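Enquirer: target02.pdb is reproduced below (PDB, C-alpha atoms, pLDDT in the B column).
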ATOM      1  CA  MET A   1      19.500 -12.969  12.473  1.00 48.00           C
ATOM      2  CA  SER A   2      15.894 -13.756  13.151  1.00 63.00           C
ATOM      3  CA  ASP A   3      14.704 -16.799  15.019  1.00 82.00           C
ATOM      4  CA  ILE A   4      11.742 -17.226  12.645  1.00 89.00           C
ATOM      5  CA  ASP A   5      11.709 -20.652  10.983  1.00 95.00           C
ATOM      6  CA  TYR A   6      10.656 -19.583   7.486  1.00 96.00           C
ATOM      7  CA  LEU A   7      10.886 -23.075   6.011  1.00 96.00           C
ATOM      8  CA  SER A   8       8.545 -24.471   8.660  1.00 96.00           C
ATOM      9  CA  LEU A   9       6.125 -21.576   8.103  1.00 97.00           C
ATOM     10  CA  PHE A  10       6.302 -22.166   4.354  1.00 97.00           C
ATOM     11  CA  THR A  11       5.338 -25.812   4.859  1.00 97.00           C
ATOM     12  CA  ARG A  12       2.500 -25.083   7.285  1.00 97.00           C
ATOM     13  CA  LEU A  13       1.063 -22.280   5.161  1.00 98.00           C
ATOM     14  CA  ASN A  14       1.063 -24.491   2.072  1.00 98.00           C
ATOM     15  CA  GLY A  15      -0.812 -27.116   4.059  1.00 98.00           C
ATOM     16  CA  PHE A  16      -3.384 -24.569   5.200  1.00 98.00           C
ATOM     17  CA  ARG A  17      -3.776 -23.259   1.650  1.00 98.00           C
ATOM     18  CA  PHE A  18      -4.483 -26.816   0.490  1.00 98.00           C
ATOM     19  CA  ILE A  19      -7.002 -27.325   3.319  1.00 98.00           C
ATOM     20  CA  ALA A  20      -8.762 -24.043   2.435  1.00 98.00           C
ATOM     21  CA  ARG A  21      -9.004 -25.080  -1.226  1.00 97.00           C
ATOM     22  CA  ILE A  22     -10.473 -28.434  -0.284  1.00 97.00           C
ATOM     23  CA  SER A  23     -12.878 -26.806   2.199  1.00 97.00           C
ATOM     24  CA  ARG A  24     -14.099 -24.419  -0.521  1.00 97.00           C
ATOM     25  CA  VAL A  25     -15.540 -27.373  -2.451  1.00 96.00           C
ATOM     26  CA  GLY A  26     -18.123 -27.854   0.312  1.00 94.00           C
ATOM     27  CA  CYS A  27     -19.276 -24.212   0.360  1.00 96.00           C
ATOM     28  CA  ASP A  28     -22.980 -23.659  -0.187  1.00 95.00           C
ATOM     29  CA  ASN A  29     -22.988 -19.847  -0.548  1.00 96.00           C
ATOM     30  CA  ASP A  30     -21.109 -17.083  -2.347  1.00 96.00           C
ATOM     31  CA  LEU A  31     -20.012 -15.386   0.886  1.00 96.00           C
ATOM     32  CA  ALA A  32     -18.186 -18.521   2.069  1.00 97.00           C
ATOM     33  CA  ARG A  33     -16.654 -19.119  -1.362  1.00 97.00           C
ATOM     34  CA  SER A  34     -15.416 -15.510  -1.429  1.00 96.00           C
ATOM     35  CA  ALA A  35     -13.896 -15.791   2.055  1.00 97.00           C
ATOM     36  CA  HIS A  36     -12.207 -19.081   1.121  1.00 98.00           C
ATOM     37  CA  ASP A  37     -10.833 -17.555  -2.098  1.00 97.00           C
ATOM     38  CA  ARG A  38      -9.444 -14.554  -0.233  1.00 97.00           C
ATOM     39  CA  LEU A  39      -7.819 -16.772   2.377  1.00 98.00           C
ATOM     40  CA  VAL A  40      -6.177 -18.842  -0.371  1.00 98.00           C
ATOM     41  CA  ALA A  41      -4.941 -15.635  -2.061  1.00 98.00           C
ATOM     42  CA  LYS A  42      -3.581 -14.144   1.179  1.00 98.00           C
ATOM     43  CA  LEU A  43      -1.866 -17.412   2.064  1.00 98.00           C
ATOM     44  CA  GLY A  44      -0.323 -17.337  -1.425  1.00 98.00           C
ATOM     45  CA  GLU A  45       1.106 -13.862  -0.728  1.00 97.00           C
ATOM     46  CA  LEU A  46       2.472 -15.053   2.584  1.00 97.00           C
ATOM     47  CA  ILE A  47       3.965 -18.180   1.003  1.00 98.00           C
ATOM     48  CA  GLU A  48       5.753 -15.996  -1.569  1.00 98.00           C
ATOM     49  CA  LEU A  49       7.235 -13.997   1.318  1.00 97.00           C
ATOM     50  CA  MET A  50       8.421 -17.247   2.947  1.00 97.00           C
ATOM     51  CA  ILE A  51      10.038 -18.350  -0.334  1.00 97.00           C
ATOM     52  CA  ARG A  52      11.948 -15.064  -0.505  1.00 97.00           C
ATOM     53  CA  ALA A  53      13.024 -15.516   3.121  1.00 96.00           C
ATOM     54  CA  VAL A  54      14.251 -19.088   2.623  1.00 96.00           C
ATOM     55  CA  GLU A  55      16.203 -18.028  -0.482  1.00 95.00           C
ATOM     56  CA  ALA A  56      17.759 -15.102   1.407  1.00 93.00           C
ATOM     57  CA  GLN A  57      18.688 -17.355   4.327  1.00 93.00           C
ATOM     58  CA  ARG A  58      20.316 -19.828   1.952  1.00 92.00           C
ATOM     59  CA  CYS A  59      22.272 -17.043   0.254  1.00 90.00           C
ATOM     60  CA  ALA A  60      23.362 -15.533   3.588  1.00 87.00           C
ATOM     61  CA  ARG A  61      24.568 -18.920   4.850  1.00 87.00           C
ATOM     62  CA  ASP A  62      26.360 -19.776   1.600  1.00 84.00           C
ATOM     63  CA  GLY A  63      28.862 -16.993   2.179  1.00 73.00           C
ATOM     64  CA  ALA A  64      30.698 -17.549  -1.131  1.00 75.00           C
ATOM     65  CA  ASP A  65      30.149 -13.929  -2.185  1.00 85.00           C
ATOM     66  CA  PRO A  66      30.321 -11.433   0.716  1.00 87.00           C
ATOM     67  CA  ALA A  67      28.364  -8.775  -1.210  1.00 87.00           C
ATOM     68  CA  ARG A  68      25.510 -11.223  -1.926  1.00 89.00           C
ATOM     69  CA  ALA A  69      25.548 -12.404   1.685  1.00 88.00           C
ATOM     70  CA  GLU A  70      25.287  -8.808   2.901  1.00 90.00           C
ATOM     71  CA  GLN A  71      22.392  -8.122   0.513  1.00 92.00           C
ATOM     72  CA  ALA A  72      20.674 -11.330   1.670  1.00 91.00           C
ATOM     73  CA  ALA A  73      21.019 -10.254   5.309  1.00 91.00           C
ATOM     74  CA  GLU A  74      19.407  -6.919   4.474  1.00 94.00           C
ATOM     75  CA  ASP A  75      16.629  -8.693   2.548  1.00 94.00           C
ATOM     76  CA  LEU A  76      15.993 -10.887   5.589  1.00 94.00           C
ATOM     77  CA  TYR A  77      15.724  -7.804   7.783  1.00 94.00           C
ATOM     78  CA  TRP A  78      13.029  -6.299   5.539  1.00 96.00           C
ATOM     79  CA  ILE A  79      11.210  -9.623   5.125  1.00 96.00           C
ATOM     80  CA  GLU A  80      11.065 -10.038   8.893  1.00 96.00           C
ATOM     81  CA  ALA A  81       9.793  -6.468   9.275  1.00 95.00           C
ATOM     82  CA  GLU A  82       7.061  -7.067   6.681  1.00 95.00           C
ATOM     83  CA  PHE A  83       6.089 -10.358   8.312  1.00 96.00           C
ATOM     84  CA  GLU A  84       5.833  -8.833  11.773  1.00 94.00           C
ATOM     85  CA  HIS A  85       4.202  -5.526  10.838  1.00 94.00           C
ATOM     86  CA  ARG A  86       1.871  -6.660   8.074  1.00 93.00           C
ATOM     87  CA  TRP A  87       1.020 -10.238   8.970  1.00 95.00           C
ATOM     88  CA  ILE A  88       1.476 -10.625  12.739  1.00 95.00           C
ATOM     89  CA  ALA A  89       0.598  -7.184  14.137  1.00 91.00           C
ATOM     90  CA  GLN A  90      -3.004  -7.084  12.919  1.00 87.00           C
ATOM     91  CA  PRO A  91      -5.647  -9.541  11.733  1.00 91.00           C
ATOM     92  CA  GLN A  92      -6.013  -9.769   7.969  1.00 93.00           C
ATOM     93  CA  PRO A  93      -9.551  -9.120   6.657  1.00 92.00           C
ATOM     94  CA  LEU A  94     -11.137 -11.810   4.501  1.00 95.00           C
ATOM     95  CA  LEU A  95     -14.396  -9.973   3.871  1.00 93.00           C
ATOM     96  CA  ASP A  96     -14.997  -6.351   4.883  1.00 83.00           C
ATOM     97  CA  HIS A  97     -12.661  -3.867   6.506  1.00 79.00           C
ATOM     98  CA  LEU A  98     -13.255  -0.469   8.086  1.00 75.00           C
ATOM     99  CA  ASP A  99     -10.607   2.215   8.222  1.00 76.00           C
ATOM    100  CA  ILE A 100     -10.402   3.788  11.678  1.00 74.00           C
ATOM    101  CA  ASP A 101      -8.286   6.854  12.361  1.00 75.00           C
ATOM    102  CA  LEU A 102      -7.390   6.473  16.020  1.00 68.00           C
ATOM    103  CA  ALA A 103      -5.820   9.940  16.189  1.00 80.00           C
ATOM    104  CA  THR A 104      -9.056  11.716  15.231  1.00 80.00           C
ATOM    105  CA  GLN A 105     -11.401   8.991  16.535  1.00 76.00           C
ATOM    106  CA  GLU A 106     -13.111   8.739  13.148  1.00 81.00           C
ATOM    107  CA  ILE A 107     -14.275   5.830  11.027  1.00 80.00           C
ATOM    108  CA  PHE A 108     -14.510   5.798   7.240  1.00 79.00           C
ATOM    109  CA  ASP A 109     -17.806   4.632   5.754  1.00 76.00           C
ATOM    110  CA  PRO A 110     -17.069   3.080   2.344  1.00 74.00           C
ATOM    111  CA  ARG A 111     -20.740   3.294   1.360  1.00 74.00           C
ATOM    112  CA  THR A 112     -21.073   7.071   1.812  1.00 80.00           C
ATOM    113  CA  ARG A 113     -17.330   7.721   1.331  1.00 82.00           C
ATOM    114  CA  ARG A 114     -17.302   9.953   4.446  1.00 82.00           C
ATOM    115  CA  TRP A 115     -15.530   9.966   7.794  1.00 83.00           C
ATOM    116  CA  TYR A 116     -17.718   9.779  10.928  1.00 79.00           C
ATOM    117  CA  ALA A 117     -16.901  10.225  14.589  1.00 79.00           C
ATOM    118  CA  LEU A 118     -16.654   6.858  16.339  1.00 72.00           C
ATOM    119  CA  ALA A 119     -19.215   8.079  18.869  1.00 69.00           C
ATOM    120  CA  GLU A 120     -21.837   8.523  16.119  1.00 64.00           C
ATOM    121  CA  CYS A 121     -24.021   5.657  15.020  1.00 64.00           C
ATOM    122  CA  GLY A 122     -21.932   4.833  11.984  1.00 65.00           C
ATOM    123  CA  PRO A 123     -20.978   1.535  10.430  1.00 71.00           C
ATOM    124  CA  SER A 124     -19.407  -1.238  12.456  1.00 75.00           C
ATOM    125  CA  LEU A 125     -18.037  -4.725  11.863  1.00 79.00           C
ATOM    126  CA  ARG A 126     -19.822  -7.935  12.846  1.00 87.00           C
ATOM    127  CA  GLU A 127     -18.283 -11.412  12.810  1.00 91.00           C
ATOM    128  CA  VAL A 128     -19.811 -13.796  10.288  1.00 93.00           C
ATOM    129  CA  SER A 129     -20.938 -17.086  11.793  1.00 93.00           C
ATOM    130  CA  ASP A 130     -18.934 -20.241  11.176  1.00 92.00           C
ATOM    131  CA  ARG A 131     -22.023 -21.824   9.646  1.00 94.00           C
ATOM    132  CA  SER A 132     -22.220 -19.016   7.066  1.00 95.00           C
ATOM    133  CA  LEU A 133     -18.517 -19.486   6.358  1.00 96.00           C
ATOM    134  CA  CYS A 134     -18.947 -23.251   5.864  1.00 95.00           C
ATOM    135  CA  GLY A 135     -16.292 -24.188   8.428  1.00 93.00           C
ATOM    136  CA  LEU A 136     -13.667 -21.591   7.506  1.00 96.00           C
ATOM    137  CA  ARG A 137     -13.456 -20.226  11.050  1.00 95.00           C
ATOM    138  CA  GLN A 138     -11.874 -23.472  12.271  1.00 95.00           C
ATOM    139  CA  ILE A 139      -9.190 -23.161   9.613  1.00 97.00           C
ATOM    140  CA  ILE A 140      -8.373 -19.520  10.405  1.00 96.00           C
ATOM    141  CA  ASP A 141      -8.305 -20.273  14.139  1.00 96.00           C
ATOM    142  CA  GLN A 142      -5.849 -23.112  13.527  1.00 97.00           C
ATOM    143  CA  ILE A 143      -3.677 -20.885  11.311  1.00 98.00           C
ATOM    144  CA  ALA A 144      -3.525 -18.279  14.091  1.00 97.00           C
ATOM    145  CA  CYS A 145      -2.649 -20.918  16.666  1.00 96.00           C
ATOM    146  CA  GLU A 146       0.123 -22.533  14.613  1.00 96.00           C
ATOM    147  CA  THR A 147       1.652 -19.548  12.810  1.00 96.00           C
ATOM    148  CA  GLY A 148       0.664 -16.389  14.696  1.00 95.00           C
ATOM    149  CA  VAL A 149      -0.984 -14.982  11.552  1.00 97.00           C
ATOM    150  CA  SER A 150      -4.630 -14.149  12.192  1.00 96.00           C
ATOM    151  CA  PHE A 151      -7.514 -13.479   9.844  1.00 96.00           C
ATOM    152  CA  HIS A 152     -11.015 -12.201  10.464  1.00 94.00           C
ATOM    153  CA  ALA A 153     -14.256 -12.653   8.562  1.00 94.00           C
ATOM    154  CA  ARG A 154     -16.438  -9.654   9.323  1.00 90.00           C
ATOM    155  CA  ARG A 155     -19.154  -7.765   7.471  1.00 88.00           C
ATOM    156  CA  ILE A 156     -19.946  -4.072   7.690  1.00 80.00           C
ATOM    157  CA  VAL A 157     -23.304  -3.369   9.334  1.00 80.00           C
ATOM    158  CA  TYR A 158     -24.972   0.011   9.076  1.00 71.00           C
ATOM    159  CA  GLY A 159     -28.030   0.110  11.281  1.00 64.00           C
ATOM    160  CA  PRO A 160     -29.552  -1.325  14.450  1.00 55.00           C
ATOM    161  CA  ALA A 161     -31.559  -3.899  12.482  1.00 44.00           C
ATOM    162  CA  GLU A 162     -28.305  -5.326  11.128  1.00 44.00           C
ATOM    163  CA  LEU A 163     -26.659  -5.360  14.561  1.00 41.00           C
ATOM    164  CA  ALA A 164     -28.475  -8.459  15.802  1.00 42.00           C
ATOM    165  CA  PRO A 165     -25.933 -10.826  17.344  1.00 44.00           C
ATOM    166  CA  SER A 166     -24.566 -13.564  15.120  1.00 45.00           C
ATOM    167  CA  GLY A 167     -23.820 -17.023  16.426  1.00 45.00           C
ATOM    168  CA  ARG A 168     -20.259 -18.227  16.151  1.00 43.00           C
TER     169      ARG A 168
END
Show the structure stored in the file as structure tokens.

Expert:
Amino acid sequence: MSDIDYLSLFTRLNGFRFIARISRVGCDNDLARSAHDRLVAKLGELIELMIRAVEAQRCARDGADPARAEQAAEDLYWIEAEFEHRWIAQPQPLLDHLDIDLATQEIFDPRTRRWYALAECGPSLREVSDRSLCGLRQIIDQIACETGVSFHARRIVYGPAELAPSGR
């Protein structure tokens, strides 16, 4: 069995979802409100996964019905795999996301709907400043620190004029 404490994660994630909802009230722009809304939605998905995990753990420990306990153990295996591969292995995008094919060294441009070589001057991602996010960066940094689940708030930039550095 896994050493992941799903109940503790459930509690922490609910707390962070509450904090993100409260923080959204102070947003002064649509970009920050959108990022807050997406964080709340993604935390909701993750909380649902934790609920399934806690229920499976309870069923596996109950042991009254061996067939149900075996099914619960298998469910826990797949829940852990989803948690590690979907939520822990890579940062979750809150704003924009670029698809990169590492095998062919190409990047997909959603605007032109074409693949470009990474070496070309194609689109790239730039971090959005904490000021533009109305304090959301602190919340996502704390989530990463306490749960291992990381999020990023980046925008796609297309040309050199848009590539000016942004302050964190």

Enquirer: Near Arg114 (chain A), counting all atoms listed in the file, which residues have an atom at most 12 Å away, once you skip same-chain residues fewer than 3 positions from it, shown as a short mmCIF file (atom, residue, chain, number, x, y, z; two decimals) with C-alpha atoms, in the coordinates of the input?

Expert:
data_model
loop_
_atom_site.label_atom_id
_atom_site.label_comp_id
_atom_site.auth_asym_id
_atom_site.auth_seq_id
_atom_site.Cartn_x
_atom_site.Cartn_y
_atom_site.Cartn_z
CA LEU A 98 -13.26 -0.47 8.09
CA ASP A 99 -10.61 2.22 8.22
CA ILE A 100 -10.40 3.79 11.68
CA GLU A 106 -13.11 8.74 13.15
CA ILE A 107 -14.28 5.83 11.03
CA PHE A 108 -14.51 5.80 7.24
CA ASP A 109 -17.81 4.63 5.75
CA PRO A 110 -17.07 3.08 2.34
CA ARG A 111 -20.74 3.29 1.36
CA ALA A 117 -16.90 10.22 14.59
CA GLY A 122 -21.93 4.83 11.98
CA PRO A 123 -20.98 1.54 10.43
#

Enquirer: Can you spell out as a list in words the set of residues that the PyMOL selection byres ((chain A and resi 154) around 10) selects in the structure I just provided?

Expert: Ala35, Pro93, Leu94, Leu95, Asp96, His97, Leu98, Ser124, Leu125, Arg126, Glu127, Val128, Ser129, Phe151, His152, Ala153, Arg155, Ile156 and Val157 of chain A

Enquirer: Pick the closest to Phe18 (chain A) from A:Leu49, A:Ala64, A:Ala89, A:Ile139: which is it, counting all atoms listed in the file?

Expert: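 That would be A:Ile139, the residue with the smallest distance to Phe18 (chain A).
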
Enquirer: To one decimal place in Å, what is the distance between CA of Asp141 (chain A) and CA of Phe16 (chain A)?

Expert: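 So the two atoms, CA of Asp141 (chain A) and CA of Phe16 (chain A), lie 11.1 Å apart.
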
Enquirer: Expanded to explicit residues, what is the PyMOL selection byres ((chain A and resi 21-28) around 10) for this file, as a JSON list (two decimals) with C-alpha atoms, in the coordinates of the input?

Expert:
[["chain", "number", "residue", "atom", "x", "y", "z"],
["A", 15, "GLY", "CA", -0.81, -27.12, 4.06],
["A", 16, "PHE", "CA", -3.38, -24.57, 5.20],
["A", 17, "ARG", "CA", -3.78, -23.26, 1.65],
["A", 18, "PHE", "CA", -4.48, -26.82, 0.49],
["A", 19, "ILE", "CA", -7.00, -27.32, 3.32],
["A", 20, "ALA", "CA", -8.76, -24.04, 2.44],
["A", 29, "ASN", "CA", -22.99, -19.85, -0.55],
["A", 30, "ASP", "CA", -21.11, -17.08, -2.35],
["A", 31, "LEU", "CA", -20.01, -15.39, 0.89],
["A", 32, "ALA", "CA", -18.19, -18.52, 2.07],
["A", 33, "ARG", "CA", -16.65, -19.12, -1.36],
["A", 34, "SER", "CA", -15.42, -15.51, -1.43],
["A", 35, "ALA", "CA", -13.90, -15.79, 2.06],
["A", 36, "HIS", "CA", -12.21, -19.08, 1.12],
["A", 37, "ASP", "CA", -10.83, -17.56, -2.10],
["A", 39, "LEU", "CA", -7.82, -16.77, 2.38],
["A", 40, "VAL", "CA", -6.18, -18.84, -0.37],
["A", 131, "ARG", "CA", -22.02, -21.82, 9.65],
["A", 132, "SER", "CA", -22.22, -19.02, 7.07],
["A", 133, "LEU", "CA", -18.52, -19.49, 6.36],
["A", 134, "CYS", "CA", -18.95, -23.25, 5.86],
["A", 135, "GLY", "CA", -16.29, -24.19, 8.43],
["A", 136, "LEU", "CA", -13.67, -21.59, 7.51],
["A", 139, "ILE", "CA", -9.19, -23.16, 9.61]]

Enquirer: Record the distance separating CA of Leu7 (chain A) and CA of Met50 (chain A), expressed in Å with one decimal.

Expert: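 Pair CA of Leu7 (chain A) / CA of Met50 (chain A) returns 7.0 Å.
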
Enquirer: Between CA of Ala81 (chain A) and CA of Asp65 (chain A), what distance in Å does the model show, to one decimal?

Expert: 24.5 Å

Enquirer: Considering all atoms listed in the file, can you say which of A:Asp101, A:Glu146, A:Glu55, A:Glu48 comes closest to Ala73 (chain A)?

Expert: A:Glu55

Enquirer: Let me make sure I understand: among A:Leu118, A:Ala56, A:Ala144, A:Ala67, which one has the smallest atom-to-atom distance to Tyr6 (chain A) if we use all atoms listed in the file?

Expert: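 Checking each candidate against Tyr6 (chain A), we get A:Ala56 as the closest.
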
Enquirer: Using all atoms listed in the file, pick whichever of A:Trp87, A:Ala103, A:Arg12, A:Ala72 has the shortest atom-to-atom distance to Glu45 (chain A).

Expert: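 Among the listed residues, the smallest separation from Glu45 (chain A) belongs to A:Trp87.
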
Enquirer: Between A:Gln138, A:Thr147, A:Gln92, A:Gln57, single out the one closest to Ile79 (chain A), counting all atoms listed in the file.

Expert: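 That would be A:Gln57, the residue with the smallest distance to Ile79 (chain A).
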